[in-house]
file entry_39.cif (mmCIF, C-alpha atoms and all ligand atoms)
data_data
loop_
_atom_site.label_atom_id
_atom_site.label_comp_id
_atom_site.auth_asym_id
_atom_site.auth_seq_id
_atom_site.Cartn_x
_atom_site.Cartn_y
_atom_site.Cartn_z
CA MET A 1 165.11 165.09 30.92
CA LEU A 2 163.37 162.12 32.46
CA ALA A 3 163.10 159.23 30.02
CA ILE A 4 160.64 157.57 32.32
CA ARG A 5 157.67 159.32 33.85
CA GLY A 6 158.63 157.94 37.22
CA GLY A 7 158.95 161.07 39.33
CA GLU A 8 162.29 162.16 40.79
CA ARG A 9 165.58 160.97 39.34
CA VAL A 10 166.98 158.11 41.40
CA ARG A 11 170.34 159.81 41.52
CA THR A 12 171.22 163.49 41.54
CA ARG A 13 174.81 163.41 42.81
CA PRO A 14 177.56 162.56 40.29
CA TYR A 15 179.47 159.27 40.43
CA PRO A 16 183.24 159.40 41.11
CA GLU A 17 185.01 161.16 38.25
CA TRP A 18 187.37 159.27 35.99
CA PRO A 19 190.34 159.43 35.74
CA VAL A 20 191.42 159.55 39.36
CA TRP A 21 194.67 161.43 39.95
CA ASN A 22 196.40 163.11 42.86
CA SER A 23 199.66 164.70 44.00
CA GLU A 24 201.61 161.58 43.01
CA ASP A 25 200.71 162.08 39.34
CA GLU A 26 201.46 165.79 39.69
CA GLU A 27 204.88 165.20 41.24
CA LEU A 28 205.90 162.65 38.63
CA LEU A 29 204.69 164.92 35.83
CA MET A 30 206.56 167.94 37.22
CA GLU A 31 209.68 165.85 37.70
CA THR A 32 209.48 164.91 34.02
CA LEU A 33 208.82 168.47 32.93
CA ARG A 34 211.77 169.82 34.92
CA SER A 35 214.10 167.07 33.69
CA GLY A 36 213.75 168.34 30.13
CA LYS A 37 213.77 164.70 29.05
CA TRP A 38 210.35 164.37 27.53
CA GLY A 39 211.05 161.70 24.95
CA ILE A 40 214.19 159.83 23.95
CA GLY A 41 216.84 160.10 26.67
CA GLY A 42 214.32 159.82 29.49
CA LYS A 43 214.14 156.73 31.69
CA LYS A 44 210.48 156.60 32.68
CA VAL A 45 209.08 154.86 29.59
CA GLY A 46 211.48 151.94 29.99
CA GLU A 47 210.97 151.81 33.75
CA PHE A 48 207.22 151.87 33.43
CA ALA A 49 207.25 149.14 30.76
CA SER A 50 209.24 146.85 33.07
CA LEU A 51 207.14 147.66 36.12
CA PHE A 52 203.90 147.06 34.25
CA ALA A 53 205.15 143.81 32.72
CA SER A 54 206.10 142.43 36.13
CA TYR A 55 202.74 143.57 37.54
CA GLN A 56 201.16 141.44 34.81
CA GLY A 57 203.47 138.54 35.70
CA CYS A 58 205.55 138.86 32.53
CA ARG A 59 209.30 139.08 32.07
CA TYR A 60 209.38 141.83 29.44
CA GLY A 61 207.34 144.89 28.56
CA VAL A 62 207.47 147.46 25.78
CA ALA A 63 205.48 150.69 25.92
CA CYS A 64 203.96 152.35 22.87
CA MET A 65 201.49 154.97 21.66
CA ASN A 66 198.24 153.09 22.10
CA GLY A 67 196.57 149.69 22.28
CA SER A 68 195.88 149.51 18.54
CA VAL A 69 199.58 149.89 17.75
CA ALA A 70 200.38 147.34 20.47
CA ILE A 71 198.26 144.71 18.68
CA LYS A 72 199.64 145.56 15.27
CA VAL A 73 203.25 145.47 16.44
CA ALA A 74 202.71 142.22 18.37
CA LEU A 75 201.37 140.54 15.21
CA GLN A 76 204.13 142.04 13.11
CA ALA A 77 206.76 140.72 15.53
CA LEU A 78 205.37 137.25 14.77
CA ASN A 79 205.84 137.98 11.04
CA ILE A 80 202.11 137.94 10.44
CA GLY A 81 201.30 139.77 7.25
CA ASN A 82 199.79 139.62 3.81
CA GLY A 83 197.02 137.03 3.52
CA ASP A 84 197.67 135.37 6.89
CA GLU A 85 194.53 134.60 8.84
CA VAL A 86 194.05 135.58 12.46
CA VAL A 87 191.05 134.13 14.28
CA THR A 88 189.44 136.62 16.61
CA THR A 89 186.16 137.65 18.20
CA PRO A 90 183.47 139.87 16.67
CA TYR A 91 182.43 141.16 20.12
CA THR A 92 185.22 143.71 20.58
CA PHE A 93 186.38 147.20 19.71
CA ILE A 94 187.15 147.66 16.03
CA ALA A 95 190.88 148.10 16.69
CA THR A 96 191.23 144.36 17.37
CA ALA A 97 190.36 143.67 13.74
CA SER A 98 191.72 146.83 12.14
CA SER A 99 195.17 146.10 13.60
CA ILE A 100 195.10 142.78 11.73
CA ILE A 101 193.92 144.52 8.58
CA GLU A 102 196.67 147.16 8.83
CA LEU A 103 199.15 144.35 8.18
CA GLY A 104 197.29 143.09 5.12
CA ALA A 105 196.26 140.04 7.10
CA VAL A 106 192.71 138.69 7.33
CA PRO A 107 190.55 138.70 10.46
CA VAL A 108 188.43 135.56 10.71
CA PHE A 109 185.64 135.80 13.22
CA ALA A 110 184.70 133.02 15.61
CA ASP A 111 181.56 133.20 17.76
CA VAL A 112 181.54 134.01 21.47
CA GLU A 113 180.46 131.62 24.21
CA GLU A 114 176.74 131.19 24.68
CA GLY A 115 175.69 133.35 27.62
CA GLY A 116 179.16 134.95 27.82
CA LEU A 117 181.07 137.60 25.91
CA ASN A 118 184.40 135.90 25.24
CA ILE A 119 185.50 133.97 22.19
CA SER A 120 184.44 130.32 22.13
CA PRO A 121 187.35 127.86 21.67
CA GLN A 122 185.02 125.45 19.90
CA SER A 123 184.12 128.11 17.36
CA VAL A 124 187.81 129.05 17.01
CA GLU A 125 188.64 125.47 16.08
CA GLU A 126 185.96 125.47 13.38
CA LYS A 127 187.52 128.55 11.76
CA ILE A 128 191.07 127.23 11.39
CA THR A 129 192.38 126.78 7.85
CA ASP A 130 195.82 126.18 6.42
CA ARG A 131 196.26 129.97 6.26
CA THR A 132 195.63 130.53 9.98
CA ARG A 133 198.70 131.84 11.81
CA ALA A 134 197.37 133.13 15.12
CA ILE A 135 194.48 133.34 17.55
CA LEU A 136 193.67 136.76 18.98
CA PRO A 137 191.36 136.40 22.00
CA VAL A 138 190.12 139.53 23.76
CA HIS A 139 189.70 139.62 27.54
CA ILE A 140 186.56 141.60 27.12
CA ALA A 141 185.27 143.80 29.97
CA GLY A 142 188.32 142.60 31.93
CA TYR A 143 186.92 139.03 31.92
CA PRO A 144 189.68 136.60 30.88
CA ALA A 145 189.00 134.50 27.80
CA GLU A 146 188.96 130.69 28.05
CA MET A 147 192.72 130.32 27.71
CA ASP A 148 192.79 126.55 28.39
CA GLY A 149 190.90 125.80 25.21
CA ILE A 150 192.65 128.51 23.19
CA SER A 151 196.14 127.37 24.24
CA ARG A 152 195.27 123.75 23.49
CA ILE A 153 194.05 124.60 19.99
CA ALA A 154 197.08 126.84 19.36
CA THR A 155 199.47 124.08 20.38
CA SER A 156 197.77 121.41 18.35
CA HIS A 157 197.66 123.56 15.18
CA GLY A 158 201.01 125.31 15.66
CA LEU A 159 199.48 128.79 16.01
CA PHE A 160 200.56 131.89 17.90
CA VAL A 161 198.36 133.44 20.56
CA VAL A 162 198.24 137.21 20.98
CA GLU A 163 196.05 138.38 23.87
CA ASP A 164 194.11 141.59 23.41
CA ALA A 165 194.21 142.63 27.05
CA ALA A 166 193.38 146.27 26.27
CA GLN A 167 190.59 146.12 28.87
CA ALA A 168 192.14 143.67 31.34
CA HIS A 169 194.90 145.29 33.42
CA GLY A 170 195.23 143.24 36.59
CA SER A 171 192.75 140.53 35.56
CA GLU A 172 193.74 136.91 36.19
CA TRP A 173 193.02 133.60 34.52
CA ARG A 174 193.46 130.68 36.94
CA GLY A 175 195.77 132.71 39.18
CA ARG A 176 197.87 134.09 36.32
CA ARG A 177 197.63 137.66 35.19
CA VAL A 178 196.65 138.05 31.56
CA GLY A 179 199.14 139.24 28.96
CA GLY A 180 201.72 136.49 29.38
CA ILE A 181 199.58 133.40 28.85
CA GLY A 182 199.90 133.59 25.07
CA ASP A 183 202.99 134.65 23.12
CA LEU A 184 202.30 138.36 23.55
CA GLY A 185 199.78 140.53 25.40
CA CYS A 186 198.53 143.97 24.33
CA PHE A 187 197.24 146.71 26.65
CA SER A 188 195.64 150.11 26.18
CA PHE A 189 195.88 153.16 28.45
CA GLN A 190 193.30 155.19 26.55
CA SER A 191 191.08 157.51 28.63
CA SER A 192 188.34 155.05 29.53
CA LYS A 193 190.68 152.30 30.77
CA VAL A 194 191.33 151.37 34.42
CA MET A 195 194.84 152.82 34.05
CA THR A 196 195.16 155.76 31.74
CA SER A 197 197.48 158.43 30.44
CA GLY A 198 194.92 159.73 27.97
CA GLU A 199 196.44 157.53 25.29
CA GLY A 200 199.07 154.82 25.58
CA GLY A 201 199.77 151.15 25.10
CA ALA A 202 202.04 148.31 26.15
CA ILE A 203 203.08 144.88 24.94
CA THR A 204 203.97 142.16 27.43
CA THR A 205 205.72 138.84 26.80
CA ASN A 206 207.93 136.21 28.37
CA SER A 207 210.12 136.03 25.26
CA TYR A 208 213.22 138.22 25.18
CA GLU A 209 213.46 137.85 21.43
CA LEU A 210 209.87 138.95 20.83
CA SER A 211 210.18 141.89 23.21
CA GLU A 212 213.27 143.12 21.36
CA LYS A 213 211.46 142.77 18.03
CA CYS A 214 208.54 144.82 19.37
CA TRP A 215 210.91 147.43 20.81
CA SER A 216 212.57 147.74 17.41
CA LEU A 217 209.28 148.01 15.48
CA ILE A 218 208.17 150.79 17.86
CA ASN A 219 211.54 152.54 17.53
CA VAL A 220 211.80 152.97 13.74
CA GLY A 221 213.52 149.63 13.32
CA ARG A 222 216.51 150.48 15.52
CA THR A 223 218.24 147.96 17.75
CA ARG A 224 219.28 148.89 21.28
CA SER A 225 222.97 148.53 20.45
CA GLY A 226 222.89 149.90 16.91
CA ASP A 227 223.76 153.36 15.63
CA TRP A 228 221.13 156.08 15.59
CA TYR A 229 220.60 155.93 11.83
CA GLU A 230 220.90 152.19 11.57
CA HIS A 231 217.52 150.54 10.92
CA GLU A 232 217.46 146.75 10.95
CA VAL A 233 213.80 146.44 9.95
CA LEU A 234 211.13 148.76 8.64
CA GLY A 235 209.62 150.13 11.83
CA TYR A 236 207.86 153.38 12.73
CA ASN A 237 207.89 155.88 15.54
CA TYR A 238 205.22 154.46 17.84
CA ARG A 239 206.90 155.59 21.05
CA MET A 240 205.22 156.59 24.30
CA THR A 241 206.28 159.93 25.82
CA GLU A 242 207.87 160.36 29.25
CA PHE A 243 204.81 162.33 30.40
CA GLN A 244 202.54 159.37 29.71
CA ALA A 245 204.88 157.01 31.53
CA ALA A 246 205.01 159.39 34.52
CA VAL A 247 201.21 159.38 34.89
CA LEU A 248 201.02 155.63 34.34
CA MET A 249 203.49 154.97 37.15
CA ALA A 250 201.18 156.81 39.54
CA GLN A 251 198.13 155.03 38.10
CA LEU A 252 199.76 151.64 38.56
CA ARG A 253 200.41 152.35 42.24
CA ARG A 254 196.70 152.67 42.98
CA LEU A 255 195.39 149.98 40.63
CA ASP A 256 195.20 147.13 43.17
CA GLN A 257 193.34 149.21 45.67
CA GLN A 258 190.83 150.29 43.01
CA ILE A 259 190.35 146.73 41.76
CA GLU A 260 189.62 145.62 45.33
CA LYS A 261 187.11 148.40 45.79
CA ARG A 262 185.36 147.50 42.56
CA ARG A 263 185.34 143.83 43.52
CA ARG A 264 183.55 144.58 46.79
CA ASN A 265 181.05 146.92 45.17
CA TYR A 266 180.43 144.48 42.32
CA GLU A 267 179.57 141.77 44.84
CA VAL A 268 177.06 144.08 46.50
CA LEU A 269 175.54 144.97 43.12
CA ALA A 270 175.40 141.34 41.97
CA GLY A 271 173.74 140.38 45.26
CA LEU A 272 171.09 143.06 44.84
CA CYS A 273 170.48 142.41 41.14
CA GLY A 274 170.08 138.65 41.53
CA GLU A 275 166.36 139.08 42.04
CA LEU A 276 165.74 141.31 39.01
CA GLU A 277 163.54 139.88 36.29
CA GLY A 278 164.55 142.16 33.43
CA PHE A 279 168.33 142.28 33.86
CA GLU A 280 171.13 139.79 34.38
CA LEU A 281 174.62 140.87 35.40
CA ILE A 282 176.88 138.70 33.26
CA PRO A 283 179.16 137.11 35.86
CA PRO A 284 182.93 136.68 35.42
CA PRO A 285 183.69 133.21 34.02
CA GLY A 286 184.64 130.41 36.40
CA TRP A 287 188.30 130.44 35.31
CA ALA A 288 188.69 134.11 36.28
CA SER A 289 190.49 134.28 39.61
CA ARG A 290 190.43 138.08 39.51
CA VAL A 291 188.73 140.61 37.25
CA ASN A 292 189.30 144.35 37.10
CA HIS A 293 185.61 145.14 36.37
CA PHE A 294 186.51 147.50 33.54
CA LEU A 295 182.89 147.12 32.48
CA VAL A 296 179.83 145.76 34.20
CA PRO A 297 178.08 143.94 31.34
CA ILE A 298 174.33 143.59 31.82
CA ARG A 299 172.08 141.42 29.68
CA ILE A 300 168.49 142.46 28.98
CA ASN A 301 165.99 139.66 29.50
CA ARG A 302 163.95 139.61 26.29
CA ASP A 303 161.11 137.62 27.88
CA PHE A 304 160.65 140.58 30.18
CA PHE A 305 161.43 143.58 27.93
CA GLY A 306 160.44 142.23 24.52
CA SER A 307 162.24 143.84 21.60
CA VAL A 308 162.92 147.26 23.15
CA ASP A 309 166.18 148.73 21.81
CA LYS A 310 168.95 148.60 24.41
CA ARG A 311 169.68 152.25 23.63
CA ARG A 312 166.29 153.16 25.12
CA ILE A 313 167.20 151.37 28.33
CA VAL A 314 170.56 153.14 28.49
CA GLU A 315 168.87 156.51 27.88
CA ALA A 316 166.49 155.75 30.73
CA LEU A 317 169.36 154.76 33.04
CA ARG A 318 171.25 157.94 32.18
CA ALA A 319 168.12 159.98 32.80
CA GLU A 320 168.08 158.41 36.27
CA GLY A 321 171.65 159.63 36.79
CA ILE A 322 173.47 156.33 36.18
CA PRO A 323 176.42 156.43 33.74
CA SER A 324 175.98 153.66 31.21
CA SER A 325 176.73 152.76 27.61
CA PRO A 326 174.94 150.67 24.98
CA GLY A 327 178.33 149.10 24.26
CA TYR A 328 179.06 147.58 20.88
CA THR A 329 176.16 147.97 18.48
CA VAL A 330 177.51 146.03 15.49
CA PRO A 331 179.47 142.78 15.77
CA LEU A 332 182.64 143.05 13.69
CA HIS A 333 181.65 140.27 11.26
CA LEU A 334 178.79 142.56 10.16
CA HIS A 335 180.78 145.78 10.24
CA ARG A 336 180.64 147.54 6.85
CA PRO A 337 184.27 148.70 6.52
CA ILE A 338 185.50 145.26 7.53
CA LEU A 339 183.14 143.54 5.11
CA SER A 340 184.36 145.84 2.32
CA TYR A 341 187.95 144.91 3.09
CA LEU A 342 187.20 141.21 3.12
CA LYS A 343 185.22 141.48 -0.07
CA ALA A 344 188.02 143.33 -1.85
CA ARG A 345 190.60 140.95 -0.45
CA ARG A 346 189.02 137.61 -1.14
CA GLY A 347 185.54 138.09 -2.47
CA ASP A 348 183.64 137.32 0.76
CA SER A 349 180.11 138.53 0.31
CA GLY A 350 179.14 137.96 3.93
CA LEU A 351 180.56 136.22 6.89
CA GLY A 352 177.56 134.19 7.94
CA VAL A 353 175.77 134.14 11.24
CA LEU A 354 177.49 134.24 14.63
CA ARG A 355 174.45 133.79 16.79
CA ASN A 356 175.89 134.44 20.24
CA ALA A 357 177.84 137.55 19.24
CA GLU A 358 174.78 138.97 17.48
CA ALA A 359 172.66 138.31 20.58
CA ALA A 360 175.29 139.96 22.79
CA VAL A 361 175.33 143.08 20.63
CA ARG A 362 171.54 143.21 20.72
CA ASP A 363 171.02 142.50 24.41
CA VAL A 364 174.08 143.60 26.41
CA PHE A 365 174.86 147.09 27.68
CA TRP A 366 177.53 148.27 30.10
CA LEU A 367 178.18 150.29 33.20
CA PRO A 368 181.67 151.85 33.36
CA HIS A 369 184.15 150.78 36.04
CA TYR A 370 184.12 154.06 37.94
CA VAL A 371 180.54 153.57 39.13
CA LEU A 372 182.06 150.86 41.36
CA LEU A 373 184.65 153.20 42.89
CA GLY A 374 182.23 154.89 45.27
CA SER A 375 180.15 153.87 48.28
CA GLU A 376 177.59 151.08 48.80
CA GLU A 377 174.98 153.78 48.53
CA ASP A 378 176.20 154.53 45.01
CA VAL A 379 175.74 150.86 44.16
CA MET A 380 172.26 150.87 45.67
CA ASP A 381 171.30 153.71 43.33
CA ILE A 382 172.21 151.59 40.30
CA TYR A 383 169.97 148.83 41.58
CA GLN A 384 167.11 151.28 42.31
CA ALA A 385 167.36 152.70 38.78
CA LEU A 386 167.20 149.21 37.25
CA VAL A 387 164.15 148.41 39.38
CA LYS A 388 162.50 151.63 38.28
CA ILE A 389 163.13 150.85 34.61
CA GLU A 390 161.61 147.40 35.08
CA ARG A 391 158.52 148.96 36.63
CA HIS A 392 158.15 151.37 33.74
CA ARG A 393 159.00 148.98 30.93
CA GLY A 394 155.76 149.83 29.11
CA GLU A 395 156.94 153.46 28.71
CA LEU A 396 160.30 152.77 27.10
C1 LIG B 401 189.37 145.41 23.19
C2 LIG B 401 190.18 146.58 22.72
N1 LIG B 401 191.18 146.38 21.84
C3 LIG B 401 191.94 147.39 21.41
C4 LIG B 401 191.74 148.68 21.83
C5 LIG B 401 192.57 149.76 21.24
O1 LIG B 401 193.25 150.53 22.17
P1 LIG B 401 193.58 152.07 21.88
O2 LIG B 401 192.31 152.82 21.92
O3 LIG B 401 194.52 152.43 22.99
O4 LIG B 401 194.23 152.12 20.55
C6 LIG B 401 190.71 148.94 22.76
C7 LIG B 401 190.42 150.25 23.33
O5 LIG B 401 190.32 151.29 23.06
C8 LIG B 401 189.90 147.87 23.20
O6 LIG B 401 188.90 148.07 24.05
#

call {"tool": "encode", "arguments": {"input": "entry_39.cif", "output": "structure tokens"}}
result
Amino acid sequence: MLAIRGGERVRTRPYPEWPVWNSEDEELLMETLRSGKWGIGGKKVGEFASLFASYQGCRYGVACMNGSVAIKVALQALNIGNGDEVVTTPYTFIATASSIIELGAVPVFADVEEGGLNISPQSVEEKITDRTRAILPVHIAGYPAEMDGISRIATSHGLFVVEDAAQAHGSEWRGRRVGGIGDLGCFSFQSSKVMTSGEGGAITTNSYELSEKCWSLINVGRTRSGDWYEHEVLGYNYRMTEFQAAVLMAQLRRLDQQIEKRRRNYEVLAGLCGELEGFELIPPPGWASRVNHFLVPIRINRDFFGSVDKRRIVEALRAEGIPSSPGYTVPLHLHRPILSYLKARRGDSGLGVLRNAEAAVRDVFWLPHYVLLGSEEDVMDIYQALVKIERHRGEL
């Protein structure tokens, strides 16, 4: 189906498939299968957690089932619970907030930066109360949050910082990889991510004590030296399997090369798109010394396109053969299940206006990272499709 009556589709060949895997993944998987050690007793989960932590520039790493659990366990390790407030961003996946809610704590939403997608430190500061215990910034799209401001606020108010780095494997803030800038960092290896084992998660930290607490919470409250049926705290089984760790080891080996490829292709795309009137590629922030380009966020220029729904633009792009997503369609401070929770919890009838986050949800759509894993010609096709949509804006 052609969304736009503009003749031939710009692109007929598929983009590179995701996930990428090869004989390395196969060998590691077969090794695991043959070992018969698929869970406890295997060594790969622990090895992968350490390897990944050092890749992120952190001393300690703990692997777990998924990124949602990683956030929940990280907060729990800081003893965040009933009624504690955690300031976070509304421009994120729901798991950022639902992990807070799982603990009986309260997500408090700060706005994002004007023109950007990351949480605004100024807005964070305005949301702090005497119940605030932590700040939970998200390195959205693989773009690091403004950690200078966040760290300063955390220090001056005595708050913890937990980084939601679910989308930011390999990304750097001022030369430091994310995940170890705050107290704890949380990663996801769910299917769409730049490293994946289908599902999976990890927590990174520079604190031995916190890493052991997380390990225990993920391992039904055991301690490494305790007896099998000794449970120091109330934890759950949130463990990663050896199969996941095997695939992730192979994925980690090719991550740098893929990030470099995406960086080069992104530069080509940004160069081409600079002259577009209807679209603006949201650039990585100035403090980002490296981004993984998990998403290519694109803002629709409303002076050019008027009020056309971003979903129409994404449909048109897909019809031209370009993989794309509308991205988040409701900011979390307006999300019904979250509002119901907050209402039941403390009688909030609405969380007010967060202008920049609401604009981002209205105007920003995404391209997935794998469109940047191909050739320059592949990148050119994205540009041609955007040009075509601009030309046919009246038909959207
Ligand atoms: C920003 C963000 N936080 C948390 C998560 C949760 O991770 P998972 O799906 O592995 O539970 C995701 C991704 O899915 C995410 O994008």

call {"tool": "residues_around", "arguments": {"input": "entry_39.cif", "residues": "Glu242 in chain A", "least_positions_apart": "2", "cutoff": "10 Å", "atoms": "all atoms listed in the file", "output": "PyMOL selection string"}}
result
chain A and resi 28-29+32-33+36-46+48+239-240+244-248

call {"tool": "residues_near_ligand", "arguments": {"input": "entry_39.cif", "ligand": "ligand LIG 401 (chain B)", "cutoff": "8 Å", "atoms": "only C-alpha atoms and all ligand atoms", "output": "count of residues only"}}
result
29

call {"tool": "closest_atom_pairs", "arguments": {"input": "entry_39.cif", "of": "range 251-349 of chain A", "to": "range 371-376 of chain A", "cutoff": "12 Å", "atoms": "all atoms listed in the file", "output": "JSON lines"}}
result
{"residue": "A:Leu255", "atom": "CA", "partner": "A:Leu373", "partner_atom": "CA", "distance": 11.4}
{"residue": "A:Gln257", "atom": "CA", "partner": "A:Leu373", "partner_atom": "CA", "distance": 10.0}
{"residue": "A:Gln258", "atom": "CA", "partner": "A:Leu373", "partner_atom": "CA", "distance": 6.8}
{"residue": "A:Ile259", "atom": "CA", "partner": "A:Leu373", "partner_atom": "CA", "distance": 8.7}
{"residue": "A:Glu260", "atom": "CA", "partner": "A:Leu373", "partner_atom": "CA", "distance": 9.4}
{"residue": "A:Lys261", "atom": "CA", "partner": "A:Leu373", "partner_atom": "CA", "distance": 6.1}
{"residue": "A:Arg262", "atom": "CA", "partner": "A:Leu372", "partner_atom": "CA", "distance": 4.9}
{"residue": "A:Arg263", "atom": "CA", "partner": "A:Leu372", "partner_atom": "CA", "distance": 8.1}
{"residue": "A:Arg264", "atom": "CA", "partner": "A:Leu372", "partner_atom": "CA", "distance": 8.4}
{"residue": "A:Asn265", "atom": "CA", "partner": "A:Leu372", "partner_atom": "CA", "distance": 5.6}
{"residue": "A:Tyr266", "atom": "CA", "partner": "A:Leu372", "partner_atom": "CA", "distance": 6.7}
{"residue": "A:Glu267", "atom": "CA", "partner": "A:Leu372", "partner_atom": "CA", "distance": 10.0}
{"residue": "A:Val268", "atom": "CA", "partner": "A:Glu376", "partner_atom": "CA", "distance": 7.4}
{"residue": "A:Leu269", "atom": "CA", "partner": "A:Glu376", "partner_atom": "CA", "distance": 8.6}
{"residue": "A:Ala270", "atom": "CA", "partner": "A:Leu372", "partner_atom": "CA", "distance": 11.6}
{"residue": "A:Gly271", "atom": "CA", "partner": "A:Glu376", "partner_atom": "CA", "distance": 11.9}
{"residue": "A:Leu272", "atom": "CA", "partner": "A:Glu376", "partner_atom": "CA", "distance": 11.1}
{"residue": "A:Asn292", "atom": "CA", "partner": "A:Leu372", "partner_atom": "CA", "distance": 10.6}
{"residue": "A:His293", "atom": "CA", "partner": "A:Leu372", "partner_atom": "CA", "distance": 8.4}
{"residue": "A:Phe294", "atom": "CA", "partner": "A:Leu372", "partner_atom": "CA", "distance": 9.6}
{"residue": "A:Leu295", "atom": "CA", "partner": "A:Val371", "partner_atom": "CA", "distance": 9.6}
{"residue": "A:Val296", "atom": "CA", "partner": "A:Leu372", "partner_atom": "CA", "distance": 9.1}
{"residue": "A:Gly321", "atom": "CA", "partner": "A:Val371", "partner_atom": "CA", "distance": 11.0}
{"residue": "A:Ile322", "atom": "CA", "partner": "A:Val371", "partner_atom": "CA", "distance": 8.1}
{"residue": "A:Pro323", "atom": "CA", "partner": "A:Val371", "partner_atom": "CA", "distance": 7.4}
{"residue": "A:Ser324", "atom": "CA", "partner": "A:Val371", "partner_atom": "CA", "distance": 9.1}

call {"tool": "write_last_selection", "arguments": {"input": "entry_39.cif", "atoms": "C-alpha atoms", "output": "PDB file, in the frame of the given file"}}
result
ATOM      1  CA  LEU A 255     195.390 149.980  40.630  1.00  0.00           C
ATOM      2  CA  GLN A 257     193.340 149.210  45.670  1.00  0.00           C
ATOM      3  CA  GLN A 258     190.830 150.290  43.010  1.00  0.00           C
ATOM      4  CA  ILE A 259     190.350 146.730  41.760  1.00  0.00           C
ATOM      5  CA  GLU A 260     189.620 145.620  45.330  1.00  0.00           C
ATOM      6  CA  LYS A 261     187.110 148.400  45.790  1.00  0.00           C
ATOM      7  CA  ARG A 262     185.360 147.500  42.560  1.00  0.00           C
ATOM      8  CA  ARG A 263     185.340 143.830  43.520  1.00  0.00           C
ATOM      9  CA  ARG A 264     183.550 144.580  46.790  1.00  0.00           C
ATOM     10  CA  ASN A 265     181.050 146.920  45.170  1.00  0.00           C
ATOM     11  CA  TYR A 266     180.430 144.480  42.320  1.00  0.00           C
ATOM     12  CA  GLU A 267     179.570 141.770  44.840  1.00  0.00           C
ATOM     13  CA  VAL A 268     177.060 144.080  46.500  1.00  0.00           C
ATOM     14  CA  LEU A 269     175.540 144.970  43.120  1.00  0.00           C
ATOM     15  CA  ALA A 270     175.400 141.340  41.970  1.00  0.00           C
ATOM     16  CA  GLY A 271     173.740 140.380  45.260  1.00  0.00           C
ATOM     17  CA  LEU A 272     171.090 143.060  44.840  1.00  0.00           C
ATOM     18  CA  ASN A 292     189.300 144.350  37.100  1.00  0.00           C
ATOM     19  CA  HIS A 293     185.610 145.140  36.370  1.00  0.00           C
ATOM     20  CA  PHE A 294     186.510 147.500  33.540  1.00  0.00           C
ATOM     21  CA  LEU A 295     182.890 147.120  32.480  1.00  0.00           C
ATOM     22  CA  VAL A 296     179.830 145.760  34.200  1.00  0.00           C
ATOM     23  CA  GLY A 321     171.650 159.630  36.790  1.00  0.00           C
ATOM     24  CA  ILE A 322     173.470 156.330  36.180  1.00  0.00           C
ATOM     25  CA  PRO A 323     176.420 156.430  33.740  1.00  0.00           C
ATOM     26  CA  SER A 324     175.980 153.660  31.210  1.00  0.00           C
TER      27      SER A 324
END

call {"tool": "closest_residue", "arguments": {"input": "entry_39.cif", "among": "A:Ser151, A:Asn206, A:Thr88, A:Asn301", "to": "Gly179 in chain A", "atoms": "all atoms listed in the file"}}
result
A:Asn206

call {"tool": "closest_residue", "arguments": {"input": "entry_39.cif", "among": "A:Leu75, A:Ala53, A:Ile119, A:Ala110", "to": "Leu351 in chain A", "atoms": "all atoms listed in the file"}}
result
A:Ala110

call {"tool": "atom_distance", "arguments": {"input": "entry_39.cif", "atom1": "CA of Ser54 in chain A", "atom2": "CA of Ser98 in chain A"}}
result
28.3 Å

call {"tool": "closest_residue", "arguments": {"input": "entry_39.cif", "among": "A:Pro297, A:Gly175, A:Pro90, A:Gly116", "to": "Leu354 in chain A", "atoms": "all atoms listed in the file"}}
result
A:Pro90

call {"tool": "atom_distance", "arguments": {"input": "entry_39.cif", "atom1": "CA of Ala105 in chain A", "atom2": "CA of Glu85 in chain A"}}
result
6.0 Å

call {"tool": "residues_around", "arguments": {"input": "entry_39.cif", "residues": "Pro326 in chain A", "least_positions_apart": "6", "cutoff": "10 Å", "atoms": "only C-alpha atoms", "output": "PyMOL selection string"}}
result
chain A and resi 297-298+309-315+361-367

call {"tool": "residues_near_point", "arguments": {"input": "entry_39.cif", "point": "(168.0, 151.3, 38.2)", "cutoff": "12 Å", "atoms": "only C-alpha atoms", "output": "PyMOL selection string"}}
result
chain A and resi 4+6+9-11+269+272-273+276+278-279+298+313-324+367+378-393

call {"tool": "closest_residue", "arguments": {"input": "entry_39.cif", "among": "A:Pro137, A:Pro107, A:Gly226, A:Gly61", "to": "Leu332 in chain A", "atoms": "only C-alpha atoms"}}
result
A:Pro107

call {"tool": "closest_residue", "arguments": {"input": "entry_39.cif", "among": "A:Asp130, A:Glu17, A:Asp148, A:Glu24", "to": "His369 in chain A", "atoms": "only C-alpha atoms"}}
result
A:Glu17

call {"tool": "atom_distance", "arguments": {"input": "entry_39.cif", "atom1": "CA of Ala77 in chain A", "atom2": "CA of Leu234 in chain A"}}
result
11.5 Å

call {"tool": "residues_near_point", "arguments": {"input": "entry_39.cif", "point": "(206.4, 136.9, 27.8)", "cutoff": "7 Å", "atoms": "only C-alpha atoms", "output": "ChimeraX atom specification"}}
result
/A:58-60,180,183-184,204-207

call {"tool": "closest_residue", "arguments": {"input": "entry_39.cif", "among": "A:Glu8, A:Glu47, A:Arg355, A:Ala63", "to": "Glu212 in chain A", "atoms": "only C-alpha atoms"}}
result
A:Ala63

call {"tool": "residues_around", "arguments": {"input": "entry_39.cif", "residues": "Ile153 in chain A", "least_positions_apart": "3", "cutoff": "12 Å", "atoms": "all atoms listed in the file", "output": "PyMOL selection string"}}
result
chain A and resi 87+120-128+132-135+146-150+156-161+182
